[in-house]
Structures are given as structure tokens and as C-alpha cells.
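Trainee: Next comes target-v8.txt, compact mmCIF, N, CA and C atoms:
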```txt
# COMPACT_ATOMS: atom_id res chain seq x y z
N MET A 19 -15.38 29.02 3.05
CA MET A 19 -14.15 28.27 2.96
C MET A 19 -13.39 28.28 4.28
N ALA A 20 -13.52 29.32 5.06
CA ALA A 20 -12.75 29.44 6.29
C ALA A 20 -13.09 28.34 7.28
N ASP A 21 -14.32 27.77 7.20
CA ASP A 21 -14.69 26.74 8.16
C ASP A 21 -14.39 25.32 7.65
N GLU A 22 -13.79 25.16 6.46
CA GLU A 22 -13.43 23.84 5.95
C GLU A 22 -12.23 23.30 6.73
N VAL A 23 -12.31 22.03 7.08
CA VAL A 23 -11.22 21.38 7.80
C VAL A 23 -10.24 20.80 6.78
N LEU A 24 -8.99 21.23 6.88
CA LEU A 24 -7.96 20.71 5.98
C LEU A 24 -7.35 19.46 6.59
N GLN A 25 -7.19 18.42 5.77
CA GLN A 25 -6.55 17.20 6.20
C GLN A 25 -5.30 17.00 5.37
N GLU A 26 -4.31 16.32 5.94
CA GLU A 26 -3.08 16.04 5.21
C GLU A 26 -3.15 14.65 4.61
N TRP A 27 -2.78 14.56 3.33
CA TRP A 27 -2.83 13.33 2.57
C TRP A 27 -1.49 13.10 1.89
N VAL A 28 -1.05 11.84 1.86
CA VAL A 28 0.10 11.44 1.04
C VAL A 28 -0.49 11.08 -0.32
N VAL A 29 0.01 11.71 -1.37
CA VAL A 29 -0.52 11.50 -2.72
C VAL A 29 0.53 10.82 -3.58
N TRP A 30 0.10 9.81 -4.34
CA TRP A 30 1.00 9.10 -5.25
C TRP A 30 0.24 8.76 -6.52
N THR A 31 0.99 8.31 -7.53
CA THR A 31 0.36 7.94 -8.79
C THR A 31 0.67 6.48 -9.14
N LEU A 32 -0.29 5.88 -9.82
CA LEU A 32 -0.17 4.59 -10.48
C LEU A 32 -0.70 4.84 -11.89
N ASP A 33 0.18 4.79 -12.89
CA ASP A 33 -0.19 5.22 -14.24
C ASP A 33 -0.72 6.65 -14.15
N SER A 34 -1.91 6.88 -14.67
CA SER A 34 -2.48 8.24 -14.60
C SER A 34 -3.41 8.40 -13.40
N GLN A 35 -3.60 7.34 -12.60
CA GLN A 35 -4.48 7.38 -11.44
C GLN A 35 -3.76 8.01 -10.25
N ARG A 36 -4.32 9.06 -9.70
CA ARG A 36 -3.78 9.70 -8.50
C ARG A 36 -4.53 9.11 -7.30
N CYS A 37 -3.79 8.71 -6.26
CA CYS A 37 -4.37 8.10 -5.07
C CYS A 37 -3.87 8.84 -3.84
N ALA A 38 -4.61 8.70 -2.74
CA ALA A 38 -4.22 9.39 -1.51
C ALA A 38 -4.60 8.56 -0.28
N LEU A 39 -3.71 8.60 0.70
CA LEU A 39 -3.92 8.00 2.02
C LEU A 39 -3.71 9.08 3.07
N PRO A 40 -4.44 9.04 4.17
CA PRO A 40 -4.17 10.02 5.23
C PRO A 40 -2.73 9.90 5.71
N VAL A 41 -2.10 11.03 5.98
CA VAL A 41 -0.73 11.05 6.47
C VAL A 41 -0.58 10.19 7.72
N SER A 42 -1.57 10.19 8.57
CA SER A 42 -1.50 9.42 9.82
C SER A 42 -1.36 7.92 9.58
N ALA A 43 -1.72 7.43 8.39
CA ALA A 43 -1.63 6.00 8.09
C ALA A 43 -0.29 5.61 7.49
N VAL A 44 0.50 6.58 7.04
CA VAL A 44 1.75 6.29 6.35
C VAL A 44 2.94 6.42 7.30
N GLU A 45 3.73 5.36 7.40
CA GLU A 45 4.92 5.42 8.24
C GLU A 45 6.09 6.05 7.48
N ARG A 46 6.32 5.56 6.24
CA ARG A 46 7.42 6.10 5.46
C ARG A 46 7.34 5.62 4.02
N VAL A 47 8.17 6.26 3.19
CA VAL A 47 8.30 5.92 1.78
C VAL A 47 9.75 5.52 1.55
N LEU A 48 9.95 4.37 0.92
CA LEU A 48 11.28 3.82 0.69
C LEU A 48 11.49 3.61 -0.81
N PRO A 49 12.74 3.51 -1.23
CA PRO A 49 12.98 3.07 -2.61
C PRO A 49 12.42 1.65 -2.76
N ALA A 50 12.03 1.28 -3.95
CA ALA A 50 11.47 -0.05 -4.20
C ALA A 50 12.45 -1.13 -3.75
N LEU A 51 11.92 -2.17 -3.14
CA LEU A 51 12.70 -3.30 -2.65
C LEU A 51 12.24 -4.57 -3.34
N GLU A 52 13.09 -5.58 -3.31
CA GLU A 52 12.69 -6.89 -3.84
C GLU A 52 11.69 -7.52 -2.88
N VAL A 53 10.65 -8.11 -3.45
CA VAL A 53 9.59 -8.74 -2.66
C VAL A 53 9.74 -10.26 -2.76
N THR A 54 9.59 -10.93 -1.63
CA THR A 54 9.60 -12.39 -1.60
C THR A 54 8.18 -12.88 -1.83
N PRO A 55 7.98 -13.66 -2.88
CA PRO A 55 6.62 -14.18 -3.13
C PRO A 55 6.12 -14.99 -1.94
N LEU A 56 4.81 -15.01 -1.76
CA LEU A 56 4.18 -15.74 -0.66
C LEU A 56 3.28 -16.81 -1.27
N ALA A 57 3.66 -18.07 -1.09
CA ALA A 57 2.90 -19.18 -1.66
C ALA A 57 1.47 -19.17 -1.16
N ASN A 58 0.54 -19.43 -2.07
CA ASN A 58 -0.90 -19.54 -1.77
C ASN A 58 -1.52 -18.26 -1.25
N ALA A 59 -0.89 -17.12 -1.53
CA ALA A 59 -1.45 -15.83 -1.12
C ALA A 59 -2.53 -15.41 -2.12
N PRO A 60 -3.42 -14.54 -1.72
CA PRO A 60 -4.43 -14.01 -2.65
C PRO A 60 -3.76 -13.29 -3.82
N GLU A 61 -4.45 -13.23 -4.93
CA GLU A 61 -3.94 -12.59 -6.15
C GLU A 61 -3.54 -11.13 -5.89
N ARG A 62 -4.21 -10.48 -4.97
CA ARG A 62 -3.94 -9.07 -4.70
C ARG A 62 -2.70 -8.84 -3.83
N VAL A 63 -2.06 -9.92 -3.40
CA VAL A 63 -0.86 -9.81 -2.57
C VAL A 63 0.37 -10.12 -3.42
N GLU A 64 1.30 -9.20 -3.44
CA GLU A 64 2.54 -9.34 -4.20
C GLU A 64 3.50 -10.29 -3.51
N GLY A 65 3.56 -10.22 -2.17
CA GLY A 65 4.47 -11.04 -1.38
C GLY A 65 4.76 -10.34 -0.06
N VAL A 66 5.96 -10.56 0.46
CA VAL A 66 6.35 -9.94 1.74
C VAL A 66 7.75 -9.36 1.64
N VAL A 67 8.02 -8.38 2.50
CA VAL A 67 9.36 -7.83 2.69
C VAL A 67 9.62 -7.81 4.19
N ILE A 68 10.89 -7.87 4.55
CA ILE A 68 11.27 -7.75 5.96
C ILE A 68 11.81 -6.35 6.16
N LEU A 69 11.16 -5.57 7.01
CA LEU A 69 11.57 -4.21 7.31
C LEU A 69 11.79 -4.09 8.81
N GLN A 70 13.02 -3.79 9.18
CA GLN A 70 13.40 -3.65 10.59
C GLN A 70 12.92 -4.83 11.43
N GLY A 71 13.15 -6.03 10.88
CA GLY A 71 12.82 -7.24 11.61
C GLY A 71 11.36 -7.66 11.59
N ARG A 72 10.51 -6.91 10.93
CA ARG A 72 9.10 -7.31 10.87
C ARG A 72 8.72 -7.64 9.43
N GLU A 73 7.90 -8.68 9.31
CA GLU A 73 7.43 -9.12 8.01
C GLU A 73 6.23 -8.26 7.61
N VAL A 74 6.32 -7.65 6.44
CA VAL A 74 5.26 -6.75 5.97
C VAL A 74 4.70 -7.28 4.66
N VAL A 75 3.40 -7.42 4.60
CA VAL A 75 2.72 -7.87 3.38
C VAL A 75 2.71 -6.72 2.37
N VAL A 76 3.03 -7.05 1.11
CA VAL A 76 3.03 -6.06 0.04
C VAL A 76 1.83 -6.33 -0.85
N LEU A 77 0.92 -5.36 -0.89
CA LEU A 77 -0.25 -5.45 -1.77
C LEU A 77 0.13 -5.08 -3.19
N ASN A 78 -0.51 -5.71 -4.15
CA ASN A 78 -0.38 -5.30 -5.54
C ASN A 78 -1.53 -4.33 -5.79
N LEU A 79 -1.27 -3.07 -5.56
CA LEU A 79 -2.31 -2.05 -5.65
C LEU A 79 -2.87 -1.93 -7.06
N ARG A 80 -2.06 -2.23 -8.06
CA ARG A 80 -2.54 -2.21 -9.44
C ARG A 80 -3.67 -3.22 -9.62
N ARG A 81 -3.49 -4.44 -9.09
CA ARG A 81 -4.56 -5.44 -9.17
C ARG A 81 -5.77 -5.01 -8.37
N CYS A 82 -5.54 -4.47 -7.19
CA CYS A 82 -6.65 -4.02 -6.33
C CYS A 82 -7.52 -2.98 -7.03
N LEU A 83 -6.88 -2.12 -7.82
CA LEU A 83 -7.59 -1.02 -8.48
C LEU A 83 -7.94 -1.32 -9.94
N GLY A 84 -7.64 -2.53 -10.41
CA GLY A 84 -7.97 -2.90 -11.78
C GLY A 84 -7.11 -2.22 -12.84
N LEU A 85 -5.88 -1.86 -12.49
CA LEU A 85 -4.97 -1.21 -13.44
C LEU A 85 -4.10 -2.27 -14.10
N PRO A 86 -3.57 -1.98 -15.30
CA PRO A 86 -2.72 -2.95 -15.98
C PRO A 86 -1.41 -3.17 -15.23
N ALA A 87 -0.87 -4.38 -15.37
CA ALA A 87 0.42 -4.71 -14.74
C ALA A 87 1.52 -3.89 -15.40
N ARG A 88 2.57 -3.65 -14.63
CA ARG A 88 3.73 -2.90 -15.14
C ARG A 88 4.96 -3.39 -14.42
N ASP A 89 6.06 -3.55 -15.15
CA ASP A 89 7.32 -3.93 -14.52
C ASP A 89 7.80 -2.79 -13.62
N MET A 90 8.50 -3.17 -12.54
CA MET A 90 9.05 -2.17 -11.63
C MET A 90 10.07 -1.31 -12.37
N GLN A 91 10.11 -0.04 -12.04
CA GLN A 91 11.05 0.89 -12.67
C GLN A 91 11.92 1.52 -11.60
N LEU A 92 13.03 2.10 -12.04
CA LEU A 92 14.04 2.65 -11.14
C LEU A 92 13.47 3.65 -10.13
N GLY A 93 12.55 4.51 -10.54
CA GLY A 93 12.03 5.55 -9.65
C GLY A 93 10.86 5.13 -8.78
N ASP A 94 10.43 3.86 -8.84
CA ASP A 94 9.29 3.42 -8.05
C ASP A 94 9.61 3.47 -6.56
N SER A 95 8.58 3.62 -5.76
CA SER A 95 8.72 3.69 -4.31
C SER A 95 7.89 2.60 -3.65
N LEU A 96 8.29 2.23 -2.44
CA LEU A 96 7.51 1.32 -1.61
C LEU A 96 6.98 2.15 -0.45
N VAL A 97 5.67 2.18 -0.32
CA VAL A 97 5.03 2.96 0.74
C VAL A 97 4.61 2.00 1.85
N LEU A 98 5.07 2.29 3.06
CA LEU A 98 4.74 1.48 4.23
C LEU A 98 3.65 2.21 5.00
N ALA A 99 2.53 1.51 5.20
CA ALA A 99 1.38 2.14 5.85
C ALA A 99 0.72 1.16 6.81
N ARG A 100 -0.05 1.71 7.74
CA ARG A 100 -0.78 0.89 8.70
C ARG A 100 -2.23 0.78 8.25
N GLY A 101 -2.69 -0.48 8.15
CA GLY A 101 -4.10 -0.75 7.88
C GLY A 101 -4.74 -1.25 9.15
N ALA A 102 -6.03 -1.52 9.10
CA ALA A 102 -6.73 -2.02 10.28
C ALA A 102 -6.17 -3.35 10.74
N GLY A 103 -5.63 -4.13 9.78
CA GLY A 103 -5.08 -5.44 10.12
C GLY A 103 -3.60 -5.43 10.41
N GLY A 104 -2.95 -4.29 10.43
CA GLY A 104 -1.52 -4.21 10.69
C GLY A 104 -0.79 -3.50 9.56
N TRP A 105 0.52 -3.69 9.50
CA TRP A 105 1.34 -3.01 8.51
C TRP A 105 1.18 -3.64 7.14
N LEU A 106 1.08 -2.80 6.13
CA LEU A 106 1.01 -3.21 4.74
C LEU A 106 1.90 -2.28 3.93
N ALA A 107 2.33 -2.74 2.79
CA ALA A 107 3.13 -1.90 1.89
C ALA A 107 2.59 -2.06 0.48
N PHE A 108 2.93 -1.11 -0.38
CA PHE A 108 2.54 -1.18 -1.79
C PHE A 108 3.52 -0.34 -2.60
N PHE A 109 3.60 -0.65 -3.89
CA PHE A 109 4.46 0.11 -4.78
C PHE A 109 3.69 1.28 -5.37
N ALA A 110 4.38 2.39 -5.53
CA ALA A 110 3.82 3.58 -6.17
C ALA A 110 4.75 3.99 -7.31
N ASP A 111 4.17 4.41 -8.42
CA ASP A 111 5.00 4.88 -9.54
C ASP A 111 5.76 6.13 -9.14
N GLN A 112 5.04 7.05 -8.52
CA GLN A 112 5.66 8.30 -8.08
C GLN A 112 4.90 8.84 -6.88
N VAL A 113 5.61 9.09 -5.79
CA VAL A 113 4.99 9.72 -4.62
C VAL A 113 5.13 11.22 -4.81
N GLN A 114 4.00 11.90 -4.85
CA GLN A 114 4.01 13.34 -5.11
C GLN A 114 4.23 14.16 -3.86
N GLY A 115 3.98 13.58 -2.69
CA GLY A 115 4.23 14.28 -1.45
C GLY A 115 2.97 14.41 -0.62
N VAL A 116 3.02 15.32 0.33
CA VAL A 116 1.92 15.56 1.25
C VAL A 116 1.19 16.83 0.83
N VAL A 117 -0.12 16.74 0.76
CA VAL A 117 -0.94 17.91 0.43
C VAL A 117 -1.99 18.09 1.51
N ARG A 118 -2.36 19.33 1.75
CA ARG A 118 -3.43 19.65 2.71
C ARG A 118 -4.67 20.00 1.93
N LEU A 119 -5.72 19.23 2.15
CA LEU A 119 -6.94 19.38 1.38
C LEU A 119 -8.18 19.25 2.25
N ALA A 120 -9.21 19.96 1.89
CA ALA A 120 -10.50 19.76 2.54
C ALA A 120 -11.23 18.60 1.87
N ASP A 121 -11.06 18.45 0.55
CA ASP A 121 -11.75 17.41 -0.20
C ASP A 121 -10.77 16.78 -1.18
N VAL A 122 -10.23 15.63 -0.81
CA VAL A 122 -9.22 14.98 -1.65
C VAL A 122 -9.82 14.52 -2.98
N GLN A 123 -11.10 14.17 -3.01
CA GLN A 123 -11.72 13.74 -4.26
C GLN A 123 -11.85 14.90 -5.24
N ALA A 124 -12.11 16.09 -4.75
CA ALA A 124 -12.17 17.26 -5.63
C ALA A 124 -10.79 17.55 -6.22
N TYR A 125 -9.74 17.14 -5.52
CA TYR A 125 -8.36 17.30 -5.98
C TYR A 125 -8.06 16.32 -7.13
N GLY A 126 -8.92 15.31 -7.28
CA GLY A 126 -8.74 14.33 -8.35
C GLY A 126 -8.00 13.10 -7.92
N ALA A 127 -8.04 12.77 -6.64
CA ALA A 127 -7.35 11.59 -6.14
C ALA A 127 -8.35 10.59 -5.57
N LEU A 128 -8.08 9.33 -5.80
CA LEU A 128 -8.87 8.27 -5.21
C LEU A 128 -8.50 8.19 -3.73
N GLN A 129 -9.46 8.38 -2.89
CA GLN A 129 -9.24 8.39 -1.44
C GLN A 129 -9.26 6.96 -0.92
N ILE A 130 -8.18 6.55 -0.25
CA ILE A 130 -8.12 5.23 0.39
C ILE A 130 -7.92 5.49 1.88
N ARG A 131 -8.89 5.14 2.67
CA ARG A 131 -8.80 5.37 4.12
C ARG A 131 -8.07 4.24 4.82
N ASP A 132 -8.24 3.00 4.31
CA ASP A 132 -7.64 1.83 4.97
C ASP A 132 -7.24 0.83 3.89
N LEU A 133 -5.95 0.55 3.77
CA LEU A 133 -5.46 -0.37 2.75
C LEU A 133 -6.06 -1.77 2.90
N SER A 134 -6.26 -2.22 4.13
CA SER A 134 -6.77 -3.57 4.33
C SER A 134 -8.19 -3.72 3.80
N SER A 135 -8.89 -2.60 3.59
CA SER A 135 -10.25 -2.68 3.03
C SER A 135 -10.22 -3.08 1.54
N LEU A 136 -9.05 -3.06 0.92
CA LEU A 136 -8.93 -3.46 -0.48
C LEU A 136 -8.92 -4.98 -0.64
N LEU A 137 -8.84 -5.70 0.48
CA LEU A 137 -8.87 -7.15 0.46
C LEU A 137 -10.24 -7.64 0.94
N SER A 138 -10.78 -8.64 0.27
CA SER A 138 -12.06 -9.22 0.68
C SER A 138 -11.85 -10.08 1.93
N ALA A 139 -12.95 -10.51 2.53
CA ALA A 139 -12.88 -11.40 3.69
C ALA A 139 -12.16 -12.70 3.29
N ASP A 140 -12.44 -13.21 2.09
CA ASP A 140 -11.76 -14.42 1.62
C ASP A 140 -10.26 -14.17 1.43
N ASP A 141 -9.91 -12.98 0.91
CA ASP A 141 -8.50 -12.62 0.76
C ASP A 141 -7.80 -12.61 2.12
N HIS A 142 -8.43 -12.01 3.12
CA HIS A 142 -7.85 -11.95 4.47
C HIS A 142 -7.64 -13.36 5.03
N ARG A 143 -8.62 -14.22 4.86
CA ARG A 143 -8.54 -15.59 5.35
C ARG A 143 -7.40 -16.35 4.65
N CYS A 144 -7.34 -16.20 3.33
CA CYS A 144 -6.29 -16.85 2.53
C CYS A 144 -4.91 -16.33 2.92
N LEU A 145 -4.80 -15.03 3.13
CA LEU A 145 -3.53 -14.41 3.51
C LEU A 145 -3.07 -14.90 4.88
N THR A 146 -3.98 -14.98 5.82
CA THR A 146 -3.66 -15.48 7.16
C THR A 146 -3.13 -16.90 7.09
N GLN A 147 -3.76 -17.74 6.28
CA GLN A 147 -3.31 -19.13 6.12
C GLN A 147 -1.94 -19.19 5.44
N ALA A 148 -1.72 -18.36 4.41
CA ALA A 148 -0.44 -18.34 3.70
C ALA A 148 0.69 -17.89 4.63
N LEU A 149 0.42 -16.89 5.45
CA LEU A 149 1.45 -16.42 6.40
C LEU A 149 1.74 -17.46 7.47
N ALA A 150 0.70 -18.14 7.95
CA ALA A 150 0.88 -19.17 8.98
C ALA A 150 1.69 -20.34 8.45
N ALA A 151 1.56 -20.67 7.18
CA ALA A 151 2.25 -21.81 6.58
C ALA A 151 3.70 -21.48 6.21
N ARG A 152 4.04 -20.19 6.21
CA ARG A 152 5.38 -19.75 5.81
C ARG A 152 6.36 -20.00 6.94
N PRO A 153 7.58 -20.50 6.60
CA PRO A 153 8.60 -20.63 7.64
C PRO A 153 8.89 -19.25 8.26
N ILE A 154 9.20 -19.22 9.51
CA ILE A 154 9.47 -17.96 10.20
C ILE A 154 10.77 -17.37 9.66
N ALA A 155 10.68 -16.11 9.25
CA ALA A 155 11.87 -15.41 8.72
C ALA A 155 12.69 -14.87 9.87
N HIS A 156 13.98 -14.95 9.74
CA HIS A 156 14.88 -14.42 10.77
C HIS A 156 15.67 -13.27 10.18
N ALA A 157 15.71 -12.17 10.89
CA ALA A 157 16.50 -11.01 10.44
C ALA A 157 17.98 -11.31 10.65
N ALA A 158 18.78 -10.86 9.71
CA ALA A 158 20.23 -11.11 9.82
C ALA A 158 20.87 -10.15 10.79
```
Written as C-alpha cells, that's how I'd like the structure from this file.

Mentor:
Amino acid sequence: MADEVLQEWVVWTLDSQRCALPVSAVERVLPALEVTPLANAPERVEGVVILQGREVVVLNLRRCLGLPARDMQLGDSLVLARGAGGWLAFFADQVQGVVRLADVQAYGALQIRDLSSLLSADDHRCLTQALAARPIAHAA
């Protein structure tokens, strides 16, 4: 055990599913925000939010993972993370915090290394077109 490398993971839940992202991929956790729908976006995209002047795509992680839909609740959080394609966000039922683990799967969490990998090539293409067709948002 002494030679096992411990990694830090942000752990959250969706229903009874525990999920984890490397700490290095997560910028911050915010209270849930209202999302602006994005016309012609892939089904796995909830919409967009403007955070500190930048437009961030919000994934519907429930759809990505095949979980049932659920209305937003008071304690839900919005997790802002960096994927290979840039910044992405998603809603979490409950963020449990940061844990140090050698094997996150043995801990019982679904390991997600890159949020953008949850979108297919067609999803990425459709999302790019939907964002390009959207009027440019201006921060107040």
C-alpha cells in the first residue's frame, strides 16, 4: 500500500450514482444557476451560462449517464470544469468534496477523466454549430 499513488478527486452524486473528476479539472463549485437554453444543441446539452464574462456550456450529465430526469432542487450545485474542448459545467445533486484515493472505482465512484468525452463527434459538431448561430452575449 505504501507505493500506491494517491490522487485527489472531486466527488458528487446524481441520484444514487457517485461520480468523480480529478481535482485538477475542476475550477469551482457554485450554487445552481438558471441556464439559457441553446437552440439546436445536442440532447446532452442543457444550455449555457455566463460566468465572469465567458459563455460556458452546461451538460445534462443525467442524460449523458442514462439517469432519469429530475427537477432542480434548492441544494443542487453547478460544477465548473475544464474539458479537452474548453470549459463545461454540469449540475450535481450533492458535491461531497475532495477525496484522496489510489483507486476511485474501488471507492464506488464512476471515474470521469474528461467531460467532453461524454459528447459524441456528432454532438461536438452540432454544439459548435449551435454556438456559432447564437447571438453574441454581452456581460452587463

Trainee: Take atom N of A:Ala59 and atom CA of A:Ser34 and report the distance between them in Å, one decimal.

Mentor: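 Going from atom N of A:Ala59 over to atom CA of A:Ser34 covers 28.6 Å.
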
Trainee: Which one is closest to A:Gln91: A:Ala50, A:Ala127, A:Leu145, A:Val23? Count all atoms listed in the file.

Mentor: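 Among the listed residues, the smallest separation from A:Gln91 belongs to A:Ala50.
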
Trainee: So, with only C-alpha atoms as the atoms that count, which of A:Asp111, A:Asp141, A:Asp121, A:Asp89 lies closest to A:Arg36?

Mentor: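 Under the stated criterion, the closest residue is A:Asp111.
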
Trainee: Can you check which residues of chain A DSSP gives as strand (DSSP E) on the backbone and send them as a PyMOL selection string?

Mentor: chain A and resi 25-32+35-40+44-49+63-69+72-77+95-101+104-110+112-119+128-129

Trainee: Using all atoms listed in the file, can you tell me which of A:Ala57, A:Leu133, A:Cys82, A:Ala107 comes closest to A:Ala148?

Mentor: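 Result for the nearest residue to A:Ala148: A:Ala57.
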
Trainee: Rounded to one decimal, what separation in Å do you get between atom C of A:Leu79 and atom C of A:Glu64?

Mentor: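 Atom-to-atom, atom C of A:Leu79 to atom C of A:Glu64, that is 11.1 Å.
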
Trainee: Which one is closest to A:Gly115: A:Asp132, A:Asn78, A:Gln147, A:Ser95? Count only C-alpha atoms.

Mentor: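 Checking each of A:Asp132, A:Asn78, A:Gln147, A:Ser95 against A:Gly115, counting only C-alpha atoms, the winner is A:Ser95.
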